[in-house]
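Chemist: Next up, my_file-v4.txt (compact mmCIF, C-alpha atoms).
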# COMPACT_ATOMS: atom_id res chain seq x y z
CA MET A 184 -21.57 -119.50 -38.11
CA LEU A 185 -18.72 -120.87 -35.99
CA ARG A 186 -17.74 -123.25 -38.83
CA TYR A 187 -17.55 -120.35 -41.25
CA ARG A 188 -15.27 -118.41 -38.89
CA CYS A 189 -13.06 -121.43 -38.47
CA LEU A 190 -12.84 -121.83 -42.22
CA THR A 191 -11.97 -118.16 -42.64
CA ALA A 192 -9.17 -118.46 -40.08
CA ILE A 193 -7.72 -121.48 -41.86
CA THR A 194 -7.90 -119.70 -45.21
CA ILE A 195 -6.09 -116.70 -43.75
CA LEU A 196 -3.37 -118.97 -42.44
CA VAL A 197 -2.92 -120.68 -45.80
CA PHE A 198 -2.72 -117.36 -47.65
CA LEU A 199 -0.26 -115.93 -45.16
CA THR A 200 1.99 -118.95 -45.59
CA LEU A 201 1.77 -118.65 -49.35
CA SER A 202 2.47 -114.94 -49.31
CA GLY A 203 5.48 -115.61 -47.07
CA CYS A 204 6.76 -118.02 -49.67
CA ALA A 205 6.12 -115.47 -52.38
CA VAL A 206 8.31 -112.88 -50.69
CA PHE A 207 11.27 -115.25 -50.55
CA ARG A 208 10.39 -116.80 -53.83
CA ASP A 209 13.73 -117.28 -55.57
CA THR A 210 17.42 -116.63 -55.33
CA PRO A 211 17.54 -116.82 -51.55
CA GLN A 212 21.27 -116.28 -51.71
CA THR A 213 21.03 -112.93 -53.49
CA ASP A 214 18.25 -111.87 -51.17
CA ALA A 215 20.38 -112.74 -48.18
CA TYR A 216 23.29 -110.77 -49.63
CA ASN A 217 20.99 -107.84 -50.30
CA ARG A 218 19.61 -107.83 -46.76
CA PHE A 219 23.09 -108.08 -45.31
CA ALA A 220 24.34 -105.25 -47.53
CA ILE A 221 21.43 -103.04 -46.50
CA ARG A 222 22.30 -103.61 -42.85
CA ALA A 223 25.91 -102.72 -43.63
CA ALA A 224 24.80 -99.58 -45.45
CA GLN A 225 22.63 -98.56 -42.51
CA ALA A 226 25.75 -98.87 -40.35
CA GLN A 227 27.56 -96.65 -42.89
CA LEU A 228 29.85 -99.56 -43.91
CA TRP A 229 29.58 -98.64 -47.57
CA ASN A 230 32.57 -100.62 -48.86
CA GLU A 231 31.21 -103.82 -47.36
CA ALA A 232 27.81 -103.04 -48.89
CA ILE A 233 29.39 -102.42 -52.31
CA PHE A 234 31.19 -105.77 -52.12
CA ARG A 235 27.93 -107.58 -51.35
CA TRP A 236 25.92 -105.89 -54.08
CA LYS A 237 28.67 -106.64 -56.58
CA GLN A 238 28.37 -110.29 -55.56
CA VAL A 239 24.63 -110.13 -56.19
CA ILE A 240 25.25 -108.66 -59.66
CA ASN A 241 27.80 -111.40 -60.39
CA ILE A 242 25.15 -114.00 -59.59
CA ASP A 243 22.31 -112.20 -61.34
CA PRO A 244 23.42 -109.36 -63.66
CA ASP A 245 19.78 -108.34 -64.20
CA ASP A 246 18.96 -107.75 -60.53
CA SER A 247 17.65 -104.20 -60.67
CA LYS A 248 17.54 -103.86 -56.86
CA ALA A 249 21.25 -104.58 -56.59
CA HIS A 250 22.08 -102.07 -59.32
CA ASN A 251 20.01 -99.37 -57.60
CA ASN A 252 21.47 -100.09 -54.18
CA LEU A 253 24.97 -100.21 -55.61
CA GLY A 254 24.30 -96.78 -57.10
CA VAL A 255 23.39 -95.44 -53.66
CA ALA A 256 26.55 -96.94 -52.17
CA TYR A 257 28.76 -95.52 -54.93
CA GLU A 258 27.17 -92.11 -54.39
CA ALA A 259 27.84 -92.36 -50.67
CA VAL A 260 31.55 -93.00 -51.25
CA GLY A 261 31.73 -90.22 -53.85
CA ASN A 262 32.14 -92.37 -56.98
CA MET A 263 29.60 -90.42 -58.98
CA ASP A 264 30.29 -91.88 -62.44
CA ALA A 265 29.80 -95.43 -61.19
CA ALA A 266 26.70 -94.33 -59.27
CA LEU A 267 25.12 -92.88 -62.38
CA THR A 268 25.90 -95.99 -64.41
CA ALA A 269 24.35 -98.18 -61.73
CA TYR A 270 21.21 -96.02 -61.46
CA GLN A 271 20.84 -96.01 -65.22
CA ARG A 272 21.10 -99.80 -65.35
CA ALA A 273 18.48 -100.16 -62.59
CA ALA A 274 16.14 -97.80 -64.41
CA GLU A 275 16.67 -99.69 -67.66
CA LEU A 276 15.83 -103.00 -66.01
CA GLU A 277 12.77 -101.70 -64.17
CA PRO A 278 11.66 -98.34 -65.58
CA GLU A 279 8.45 -98.22 -63.53
CA ASN A 280 10.10 -98.37 -60.11
CA LYS A 281 9.62 -95.01 -58.39
CA TYR A 282 12.53 -95.47 -55.97
CA TYR A 283 15.05 -96.00 -58.79
CA ARG A 284 13.80 -92.91 -60.55
CA LEU A 285 13.88 -90.88 -57.34
CA ASN A 286 17.46 -91.87 -56.54
CA TYR A 287 18.55 -91.28 -60.10
CA ARG A 288 16.92 -87.87 -60.24
CA ARG A 289 18.38 -86.77 -56.90
CA CYS A 290 21.83 -87.86 -57.98
CA ARG A 291 21.53 -85.85 -61.20
CA ILE A 292 20.23 -82.80 -59.35
CA HIS A 293 23.16 -83.02 -56.97
CA LEU A 294 25.61 -83.30 -59.86
CA ARG A 295 24.03 -80.36 -61.60
CA ARG A 296 24.28 -78.23 -58.45
CA SER A 297 27.94 -79.08 -58.07
CA GLY A 298 28.52 -78.15 -61.71
CA ALA A 299 29.65 -81.61 -62.78
CA ASP A 300 26.66 -82.16 -65.01
CA SER A 301 25.10 -80.07 -67.71
CA LYS A 302 21.39 -79.25 -67.82
CA ASP A 303 21.05 -80.65 -71.33
CA THR A 304 22.38 -84.06 -70.35
CA LEU A 305 20.00 -84.19 -67.41
CA GLN A 306 17.01 -83.32 -69.56
CA MET A 307 18.01 -85.88 -72.19
CA GLU A 308 18.38 -88.68 -69.71
CA GLU A 309 15.26 -87.72 -67.79
CA ASP A 310 13.28 -87.89 -71.01
CA GLU A 311 14.76 -91.28 -71.64
CA PHE A 312 14.19 -92.86 -68.23
CA LEU A 313 11.62 -90.83 -66.38
CA SER A 314 8.00 -90.48 -67.13
CA PRO A 315 6.81 -86.89 -67.61
CA GLU A 316 4.17 -86.95 -64.86
CA GLU A 317 6.74 -87.54 -62.09
CA MET B 1009 -21.57 -115.35 -49.83
CA GLN B 1010 -20.08 -113.18 -47.08
CA MET B 1011 -17.25 -115.61 -46.61
CA ALA B 1012 -16.42 -115.64 -50.31
CA LYS B 1013 -16.32 -111.86 -50.26
CA ASN B 1014 -13.95 -111.89 -47.28
CA ILE B 1015 -11.66 -114.40 -48.90
CA GLY B 1016 -11.58 -112.37 -52.11
CA LEU B 1017 -10.66 -109.22 -50.24
CA LEU B 1018 -7.97 -111.00 -48.29
CA PHE B 1019 -6.54 -112.50 -51.45
CA VAL B 1020 -6.22 -109.09 -53.10
CA MET B 1021 -4.56 -107.62 -49.97
CA LEU B 1022 -2.07 -110.45 -49.71
CA MET B 1023 -1.29 -110.23 -53.40
CA PHE B 1024 -0.35 -106.59 -52.94
CA CYS B 1025 1.80 -107.51 -49.91
CA GLY B 1026 3.71 -110.10 -51.90
CA CYS B 1027 4.19 -107.92 -54.97
CA GLY B 1028 5.26 -104.70 -53.24
CA SER B 1029 8.96 -104.05 -52.78
CA ALA B 1030 9.86 -102.38 -49.53
CA ALA B 1031 12.43 -99.62 -49.46
CA THR B 1032 14.79 -98.56 -46.72
CA ARG B 1033 15.65 -94.93 -46.45
CA VAL B 1034 19.29 -94.14 -45.78
CA SER B 1035 21.02 -90.82 -45.54
CA ILE B 1036 24.24 -90.43 -47.48
CA PRO B 1037 26.83 -87.65 -47.37
CA VAL B 1038 26.83 -85.45 -50.47
CA LYS B 1039 29.41 -82.83 -51.21
CA VAL B 1040 28.13 -79.28 -51.58
CA GLU B 1041 30.44 -76.97 -53.50
CA SER B 1042 31.29 -73.44 -52.46
CA GLU B 1043 29.10 -70.67 -53.81
CA ILE B 1044 32.19 -68.65 -54.77
CA ASP B 1045 35.19 -69.56 -56.90
CA ILE B 1046 37.50 -70.85 -54.18
CA ASN B 1047 40.42 -71.14 -56.59
CA ARG B 1048 40.25 -67.42 -57.27
CA TYR B 1049 39.32 -66.24 -53.79
CA SER B 1050 41.68 -68.20 -51.63
CA ASN B 1051 42.92 -65.48 -49.30
CA PHE B 1052 40.94 -62.88 -47.47
CA ALA B 1053 41.30 -59.96 -45.12
CA VAL B 1054 38.37 -59.50 -42.77
CA LEU B 1055 37.81 -55.89 -41.75
CA PRO B 1056 35.95 -54.91 -38.58
CA PHE B 1057 32.19 -54.75 -39.02
CA VAL B 1058 30.49 -51.39 -38.65
CA PRO B 1059 27.21 -50.63 -36.89
CA GLU B 1060 24.38 -49.46 -39.13
CA LYS B 1061 23.71 -45.94 -38.02
CA GLU B 1062 20.59 -45.07 -40.01
CA ALA B 1063 18.84 -48.25 -38.87
CA GLY B 1064 18.70 -46.78 -35.34
CA ARG B 1065 17.52 -48.77 -32.33
CA ASN B 1066 20.96 -50.35 -31.92
CA GLU B 1067 21.40 -51.71 -28.41
CA GLU B 1068 24.13 -50.37 -26.19
CA LEU B 1069 27.19 -52.38 -27.12
CA PRO B 1070 30.93 -52.18 -26.47
CA GLU B 1071 32.94 -50.13 -28.97
CA ASP B 1072 34.93 -53.06 -30.29
CA ILE B 1073 32.00 -55.42 -30.96
CA GLY B 1074 32.46 -55.00 -34.73
CA GLU B 1075 36.05 -56.17 -34.37
CA GLU B 1076 34.85 -59.14 -32.32
CA ILE B 1077 32.47 -60.21 -35.08
CA ALA B 1078 35.31 -59.93 -37.59
CA SER B 1079 37.48 -62.00 -35.30
CA ILE B 1080 34.81 -64.73 -35.06
CA LEU B 1081 34.59 -64.76 -38.86
CA ARG B 1082 38.37 -64.90 -39.20
CA SER B 1083 38.70 -67.91 -36.92
CA GLY B 1084 35.82 -69.66 -38.74
CA LEU B 1085 37.39 -69.11 -42.15
CA ALA B 1086 40.88 -69.99 -40.96
CA ARG B 1087 39.61 -73.46 -40.02
CA GLN B 1088 38.70 -74.13 -43.67
CA LYS B 1089 41.61 -75.61 -45.58
CA HIS B 1090 40.73 -73.72 -48.77
CA PHE B 1091 41.15 -70.26 -47.29
CA GLU B 1092 43.95 -68.18 -45.91
CA VAL B 1093 42.98 -65.30 -43.69
CA VAL B 1094 45.04 -62.35 -42.52
CA SER B 1095 45.36 -62.69 -38.75
CA THR B 1096 43.65 -60.39 -36.26
CA GLN B 1097 46.96 -58.93 -35.07
CA GLU B 1098 48.17 -58.32 -38.62
CA THR B 1099 44.87 -56.69 -39.58
CA ALA B 1100 45.00 -54.42 -36.54
CA ARG B 1101 48.62 -53.48 -37.34
CA LEU B 1102 47.85 -52.69 -40.98
CA LEU B 1103 44.78 -50.65 -40.08
CA ILE B 1104 46.57 -48.32 -37.65
CA GLY B 1105 45.53 -44.76 -38.37
CA GLU B 1106 42.40 -45.78 -40.31
CA THR B 1107 38.92 -45.02 -39.01
CA ILE B 1108 36.48 -47.58 -40.25
CA GLY B 1109 33.04 -46.23 -41.00
CA GLN B 1110 29.96 -47.15 -42.94
CA GLU B 1111 31.18 -45.16 -45.95
CA TRP B 1112 33.83 -47.86 -46.47
CA LEU B 1113 31.16 -50.29 -47.63
CA SER B 1114 30.65 -48.33 -50.83
CA ASP B 1115 34.15 -46.93 -51.31
CA THR B 1116 35.42 -49.48 -53.85
CA GLU B 1117 38.60 -47.58 -54.65
CA HIS B 1118 39.67 -47.44 -51.05
CA LEU B 1119 38.81 -51.11 -50.49
CA SER B 1120 40.83 -52.06 -53.56
CA GLN B 1121 43.84 -50.14 -52.26
CA LEU B 1122 43.48 -51.85 -48.90
CA GLY B 1123 43.31 -55.23 -50.61
CA GLU B 1124 46.56 -54.55 -52.43
CA TYR B 1125 48.09 -53.39 -49.18
CA PHE B 1126 46.95 -56.60 -47.46
CA GLU B 1127 48.03 -58.65 -50.52
CA VAL B 1128 44.73 -60.52 -50.70
CA LYS B 1129 42.26 -61.41 -53.45
CA GLY B 1130 39.17 -60.58 -51.45
CA ILE B 1131 38.14 -58.33 -48.61
CA ILE B 1132 35.31 -59.28 -46.29
CA ILE B 1133 33.54 -56.32 -44.85
CA GLY B 1134 30.06 -55.67 -43.56
CA SER B 1135 27.72 -54.04 -41.11
CA PHE B 1136 25.50 -55.13 -38.27
CA HIS B 1137 22.26 -54.05 -36.72
CA PHE B 1138 21.47 -55.41 -33.27
CA TYR B 1139 18.24 -54.57 -31.52
CA SER B 1140 15.63 -56.05 -29.25
CA ASP B 1141 11.88 -56.24 -29.48
CA SER B 1142 9.73 -56.74 -26.35
CA ARG B 1143 6.12 -57.80 -26.39
CA PRO B 1144 3.71 -58.93 -23.68
CA ARG B 1145 2.71 -62.56 -24.08
CA ARG B 1146 0.23 -64.82 -22.36
CA TYR B 1147 0.97 -68.46 -21.59
CA TYR B 1148 -2.03 -70.75 -21.25
CA GLY B 1149 -1.76 -73.86 -19.16
CA GLU B 1150 -3.57 -75.91 -16.57
CA ARG B 1151 -3.36 -75.89 -12.77
CA TYR B 1152 -4.99 -78.11 -10.18
CA SER B 1153 -7.75 -76.34 -8.26
CA ILE B 1154 -8.17 -77.68 -4.72
CA GLN B 1155 -11.57 -76.03 -4.37
CA ARG B 1156 -12.96 -77.56 -7.55
CA GLN B 1157 -10.96 -80.82 -7.21
CA ARG B 1158 -9.94 -80.80 -10.88
CA TYR B 1159 -7.57 -79.17 -13.36
CA VAL B 1160 -8.66 -75.74 -14.53
CA MET B 1161 -7.47 -73.50 -17.32
CA ASP B 1162 -5.00 -70.87 -16.19
CA TYR B 1163 -2.77 -68.27 -17.78
CA GLN B 1164 0.29 -66.26 -16.93
CA ASP B 1165 1.42 -62.98 -18.44
CA TYR B 1166 5.09 -62.39 -19.20
CA MET B 1167 7.31 -60.23 -21.37
CA GLN B 1168 9.02 -61.85 -24.33
CA LYS B 1169 12.21 -60.09 -25.27
CA THR B 1170 13.60 -60.99 -28.69
CA TYR B 1171 17.13 -60.03 -29.61
CA ILE B 1172 17.68 -59.68 -33.34
CA LEU B 1173 20.95 -59.42 -35.18
CA SER B 1174 21.06 -58.56 -38.84
CA LEU B 1175 24.56 -59.09 -40.16
CA ARG B 1176 25.37 -57.91 -43.67
CA VAL B 1177 28.44 -59.59 -45.12
CA MET B 1178 30.10 -58.47 -48.33
CA ILE B 1179 33.03 -59.92 -50.26
CA PHE B 1180 34.90 -57.40 -52.31
CA ASP B 1181 37.01 -58.52 -55.27
CA VAL B 1182 40.23 -56.51 -55.03
CA GLU B 1183 41.30 -56.89 -58.67
CA ALA B 1184 37.92 -56.35 -60.30
CA GLU B 1185 36.97 -53.67 -57.76
CA LYS B 1186 33.45 -54.97 -57.33
CA VAL B 1187 31.31 -56.68 -54.73
CA ILE B 1188 30.86 -60.37 -55.50
CA TRP B 1189 28.88 -61.30 -52.39
CA ASP B 1190 26.35 -59.25 -50.49
CA GLU B 1191 24.08 -61.16 -48.15
CA ALA B 1192 22.27 -60.36 -44.92
CA TYR B 1193 22.07 -62.99 -42.19
CA ARG B 1194 19.34 -62.52 -39.64
CA ARG B 1195 19.54 -64.35 -36.34
CA SER B 1196 17.34 -64.01 -33.28
CA THR B 1197 16.89 -65.40 -29.82
CA ALA B 1198 14.10 -64.87 -27.33
CA GLU B 1199 13.86 -64.90 -23.56
CA ALA B 1200 10.89 -64.74 -21.19
CA HIS B 1201 10.81 -62.17 -18.40
CA THR B 1202 8.66 -61.17 -15.50
CA ILE B 1203 8.24 -57.42 -15.05
CA GLY B 1204 11.10 -57.39 -12.53
CA SER B 1205 13.61 -59.33 -14.58
CA PHE B 1206 12.61 -57.39 -17.68
CA ILE B 1207 13.70 -54.11 -16.09
CA PHE B 1208 17.02 -55.65 -15.10
CA SER B 1209 17.52 -57.06 -18.57
CA GLN B 1210 17.03 -53.62 -20.13
CA ALA B 1211 19.90 -52.29 -18.04
CA GLY B 1212 22.13 -55.36 -18.23
CA PRO B 1213 24.90 -56.01 -20.81
CA GLN B 1214 23.82 -57.56 -24.10
CA ALA B 1215 27.23 -58.12 -25.64
CA ASN B 1216 27.20 -61.86 -24.96
CA THR B 1217 23.88 -62.34 -26.74
CA MET B 1218 25.24 -60.34 -29.65
CA ARG B 1219 28.41 -62.44 -29.75
CA GLU B 1220 26.41 -65.66 -29.77
CA LEU B 1221 24.15 -64.47 -32.58
CA GLY B 1222 27.18 -63.15 -34.46
CA LYS B 1223 28.81 -66.55 -34.16
CA ARG B 1224 25.75 -68.25 -35.66
CA ALA B 1225 25.53 -65.79 -38.55
CA ALA B 1226 29.25 -66.08 -39.25
CA MET B 1227 28.96 -69.87 -39.25
CA GLU B 1228 26.26 -69.77 -41.89
CA PHE B 1229 28.31 -67.47 -44.07
CA THR B 1230 31.40 -69.68 -43.72
CA ARG B 1231 29.33 -72.73 -44.59
CA GLU B 1232 28.01 -71.11 -47.74
CA ILE B 1233 31.38 -70.10 -49.12
CA SER B 1234 33.29 -73.27 -48.24
CA PRO B 1235 32.78 -76.76 -49.68
CA HIS B 1236 31.08 -78.99 -47.17
CA TYR B 1237 29.07 -82.16 -46.82
CA GLU B 1238 25.35 -82.38 -46.26
CA ARG B 1239 23.17 -85.43 -45.81
CA GLU B 1240 20.56 -86.48 -48.34
CA ASP B 1241 18.10 -89.35 -48.39
CA ARG B 1242 18.30 -92.23 -50.85
CA TYR B 1243 16.29 -95.43 -51.09
CA LEU B 1244 17.67 -98.95 -50.85
CA VAL B 1245 15.26 -101.52 -52.20
CA ASN B 1246 14.86 -104.73 -50.21
Output the structure of this file as structure tokens.

Modeler:
Amino acid sequence: MLRYRCLTAITILVFLTLSGCAVFRDTPQTDAYNRFAIRAAQAQLWNEAIFRWKQVINIDPDDSKAHNNLGVAYEAVGNMDAALTAYQRAAELEPENKYYRLNYRRCRIHLRRSGADSKDTLQMEEDEFLSPEE
Amino acid sequence: MQMAKNIGLLFVMLMFCGCGSAATRVSIPVKVESEIDINRYSNFAVLPFVPEKEAGRNEELPEDIGEEIASILRSGLARQKHFEVVSTQETARLLIGETIGQEWLSDTEHLSQLGEYFEVKGIIIGSFHFYSDSRPRRYYGERYSIQRQRYVMDYQDYMQKTYILSLRVMIFDVEAEKVIWDEAYRRSTAEAHTIGSFIFSQAGPQANTMRELGKRAAMEFTREISPHYEREDRYLVN
């Protein structure tokens, strides 16, 4: 019985180590930039965050996280066109991600309320990027 | 067998941990546009507010409380860069000889003439209804009983007096001679009284409470008609 428990503990340890490796699996540099940029964004240093996420995109143009986060940062500084482009790119790269769709939808709703976006465009793009059940 | 089951379960859990992407919620400022056309309605005259007579139950208030509400609204609007407001002194000077009554709220012709006289695009006018509602309440709590050596349930009766202000604000378009905004803002505040303090409060002045509630209602109106920033949540993906 004791041997089994010991074995279980060792197995847990091995899996935890492996899962740790899986989280930081590749591109440690872009991940580090992303984490740094998120901290900057939390401190409301949006320009610094934009600079970092642009660096991530320069390294890996298909990083959907960076595109989404860049969209949030652009929205925070009031650059709505760039924000929409970034959200669209993130949704194109990873259409199933609920956070990208949520950000994108909120941005469009906000634009529609402020009169800068037409209802037809919103519907068209929602049909394109968003699944009907959400 | 049991161990294999445990390992399988653990493996599935860890797989989900590794695959899931965590998100950080951040709040960003978003610009909220005015609910009126601020390019068209850029200058206003704010007329003194009138008490609603048919509503009844108005508390005893000073005569000039309607003018005070208008003054609060004027100073709130004057702080917004998009609006120009006729000053309190100028308004008082231009209204010499006029008796403001509730009939003004529906007299579009007269309001239009006043607007031309004031040389403004819009006139802000409205009415107020201020009253209080008192109800007995019971507060349940616990107290320590020395006899029983433990906490026991206890209650205390008190009077809850709620002051309610209903402020109706209208914006009148001088050129088109029509009302473009007609909203009621209801604000309330409550205070707890014993029987003794309740009697005193009935006799005491209530103008300060009214002013405070008027300030809150005026702030909400100003916020609605001027562009401002609000905070909204977005998700940053780690």

Chemist: Report as a list in words all protein, DNA and RNA residues lying within 10 Å of Val239 of chain A, evaluated on all atoms listed in the file, omitting residues in the same chain fewer than 5 positions from it.

Modeler: Thr210, Gln212, Thr213, Asp214, Ala215, Tyr216, Asn217, Ala220, Ile233, Phe234, Pro244, Asp245, Asp246, Lys248, Ala249, His250 and Leu253 of chain A

Chemist: May I ask for the distance between atom CA of Lys1169 of chain B and atom CA of Arg1143 of chain B, given in Å to one decimal place?

Modeler: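 Value for the atom CA of Lys1169 of chain B-atom CA of Arg1143 of chain B distance: 6.6 Å.
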
Chemist: Can you pull out every residue within 12 Å of Arg218 of chain A, counting only C-alpha atoms, but drop anything in the same chain fewer than 5 positions away, and send it as a JSON list (two decimals) with C-alpha atoms, in the frame of the given file?

Modeler:
[["chain", "number", "residue", "atom", "x", "y", "z"],
["A", 207, "PHE", "CA", 11.27, -115.25, -50.55],
["A", 211, "PRO", "CA", 17.54, -116.82, -51.55],
["A", 212, "GLN", "CA", 21.27, -116.28, -51.71],
["A", 213, "THR", "CA", 21.03, -112.93, -53.49],
["A", 223, "ALA", "CA", 25.91, -102.72, -43.63],
["A", 224, "ALA", "CA", 24.80, -99.58, -45.45],
["A", 225, "GLN", "CA", 22.63, -98.56, -42.51],
["A", 232, "ALA", "CA", 27.81, -103.04, -48.89],
["A", 235, "ARG", "CA", 27.93, -107.58, -51.35],
["A", 236, "TRP", "CA", 25.92, -105.89, -54.08],
["A", 239, "VAL", "CA", 24.63, -110.13, -56.19],
["A", 248, "LYS", "CA", 17.54, -103.86, -56.86],
["A", 249, "ALA", "CA", 21.25, -104.58, -56.59],
["A", 252, "ASN", "CA", 21.47, -100.09, -54.18],
["B", 1030, "ALA", "CA", 9.86, -102.38, -49.53],
["B", 1031, "ALA", "CA", 12.43, -99.62, -49.46],
["B", 1032, "THR", "CA", 14.79, -98.56, -46.72],
["B", 1244, "LEU", "CA", 17.67, -98.95, -50.85],
["B", 1245, "VAL", "CA", 15.26, -101.52, -52.20],
["B", 1246, "ASN", "CA", 14.86, -104.73, -50.21]]

Chemist: What does the structure give for the distance between atom CA of Phe1057 of chain B and atom CA of Glu1076 of chain B, in Å to one decimal?

Modeler: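 Going from atom CA of Phe1057 of chain B over to atom CA of Glu1076 of chain B, I get 8.4 Å.
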
Chemist: I'd like the contact shell of Glu1117 of chain B - 12 Å cut-off, all atoms listed in the file, skipping same-chain residues fewer than 2 positions apart - returned as a list in words.

Modeler: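 The residues that qualify are Glu1111, Trp1112, Leu1113, Ser1114, Asp1115, Leu1119, Ser1120, Gln1121, Leu1122, Gly1123, Glu1124, Phe1180, Asp1181, Val1182, Glu1183, Ala1184, Glu1185, Lys1186 and Val1187 of chain B.
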
Chemist: Could you tell me how far atom CA of Gln271 of chain A lies from atom CA of Lys1039 of chain B, in Å and to one decimal?

Modeler: 21.1 Å

Chemist: Report as number ranges by chain all protein, DNA and RNA residues lying within 12 Å of segment 257-261 of chain A, evaluated on only C-alpha atoms, omitting residues in the same chain fewer than 5 positions from it.

Modeler: A: 224-225, 227-234, 236-237, 249-252, 266-270, 286-287, 289-291, 293-294; B: 1034-1040, 1237-1243

Chemist: Counting all atoms listed in the file, which residues sit no farther than 10 Å from the position (16.2, -53.6, -21.8) in the file's frame? I'd like them as a list of chain:residue names.

Modeler: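 Residues lying no farther than 10 Å from the given point: B:Glu1067, B:Glu1068, B:Tyr1139, B:Ser1140, B:Asp1141, B:Ser1142, B:Lys1169, B:Ser1205, B:Phe1206, B:Ile1207, B:Phe1208, B:Ser1209, B:Gln1210, B:Ala1211, B:Gly1212, B:Pro1213, B:Gln1214.
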
Chemist: Please identify all polymer residues lying at most 12 Å from the point (34.1, -62.7, -37.7) (file coordinates), using all atoms listed in the file, and present the result as a PyMOL selection string.

Modeler: chain B and resi 1052-1058+1073-1086+1093-1096+1132-1136+1175-1177+1219-1230

Chemist: I need the residue nearest chain B from this list: A:Ala274, A:Ile240, A:Val255, A:Ile292. Use only C-alpha atoms for the distance.

Modeler: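 Checking each candidate against chain B, we get A:Val255 as the closest.
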
Chemist: Can you tell me which residues surround Leu1173 of chain B at a distance of at most 6 Å, considering all atoms listed in the file, apart from same-chain residues fewer than 4 positions away, and format the answer as a CSV table (one decimal) with C-alpha atoms, keeping the file's coordinate frame?

Modeler:
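Listing of around14.csv after writing:
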chain,number,residue,atom,x,y,z
B,1137,HIS,CA,22.3,-54.0,-36.7
B,1138,PHE,CA,21.5,-55.4,-33.3
B,1194,ARG,CA,19.3,-62.5,-39.6
B,1195,ARG,CA,19.5,-64.4,-36.3

Chemist: With all atoms of segment 276-284 of chain A from the file as input, state the centre and edge lengths in Å to one decimal of the axis-aligned box that has 4 Å extra on each side, as JSON.

Modeler:
{"center_x": 12.1, "center_y": -98.0, "center_z": -61.0, "size_x": 15.4, "size_y": 18.1, "size_z": 18.0}

Chemist: I'd like to know which of A:Ser247, A:Asn280, A:Ser297, A:Asn262 is closest to chain B, using all atoms listed in the file.

Modeler: A:Ser297

Chemist: Calculated over all atoms listed in the file, which of the candidates B:His1118, B:Lys1013, B:Thr1107, B:Glu1041 has the smallest distance to chain A?

Modeler: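 Residue with the minimum atom-to-atom distance to chain A: B:Glu1041.
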
Chemist: Pick the closest to chain A from B:Glu1043, B:Asp1165, B:Asp1190, B:Glu1106: which is it, counting only C-alpha atoms?

Modeler: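 Among B:Glu1043, B:Asp1165, B:Asp1190, B:Glu1106, it is B:Glu1043 that comes nearest to chain A.
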
Chemist: May I ask which of the residues B:Met1178, B:Pro1235, B:Leu1102, B:Asp1072 is the closest one to chain A, counting all atoms listed in the file?

Modeler: B:Pro1235
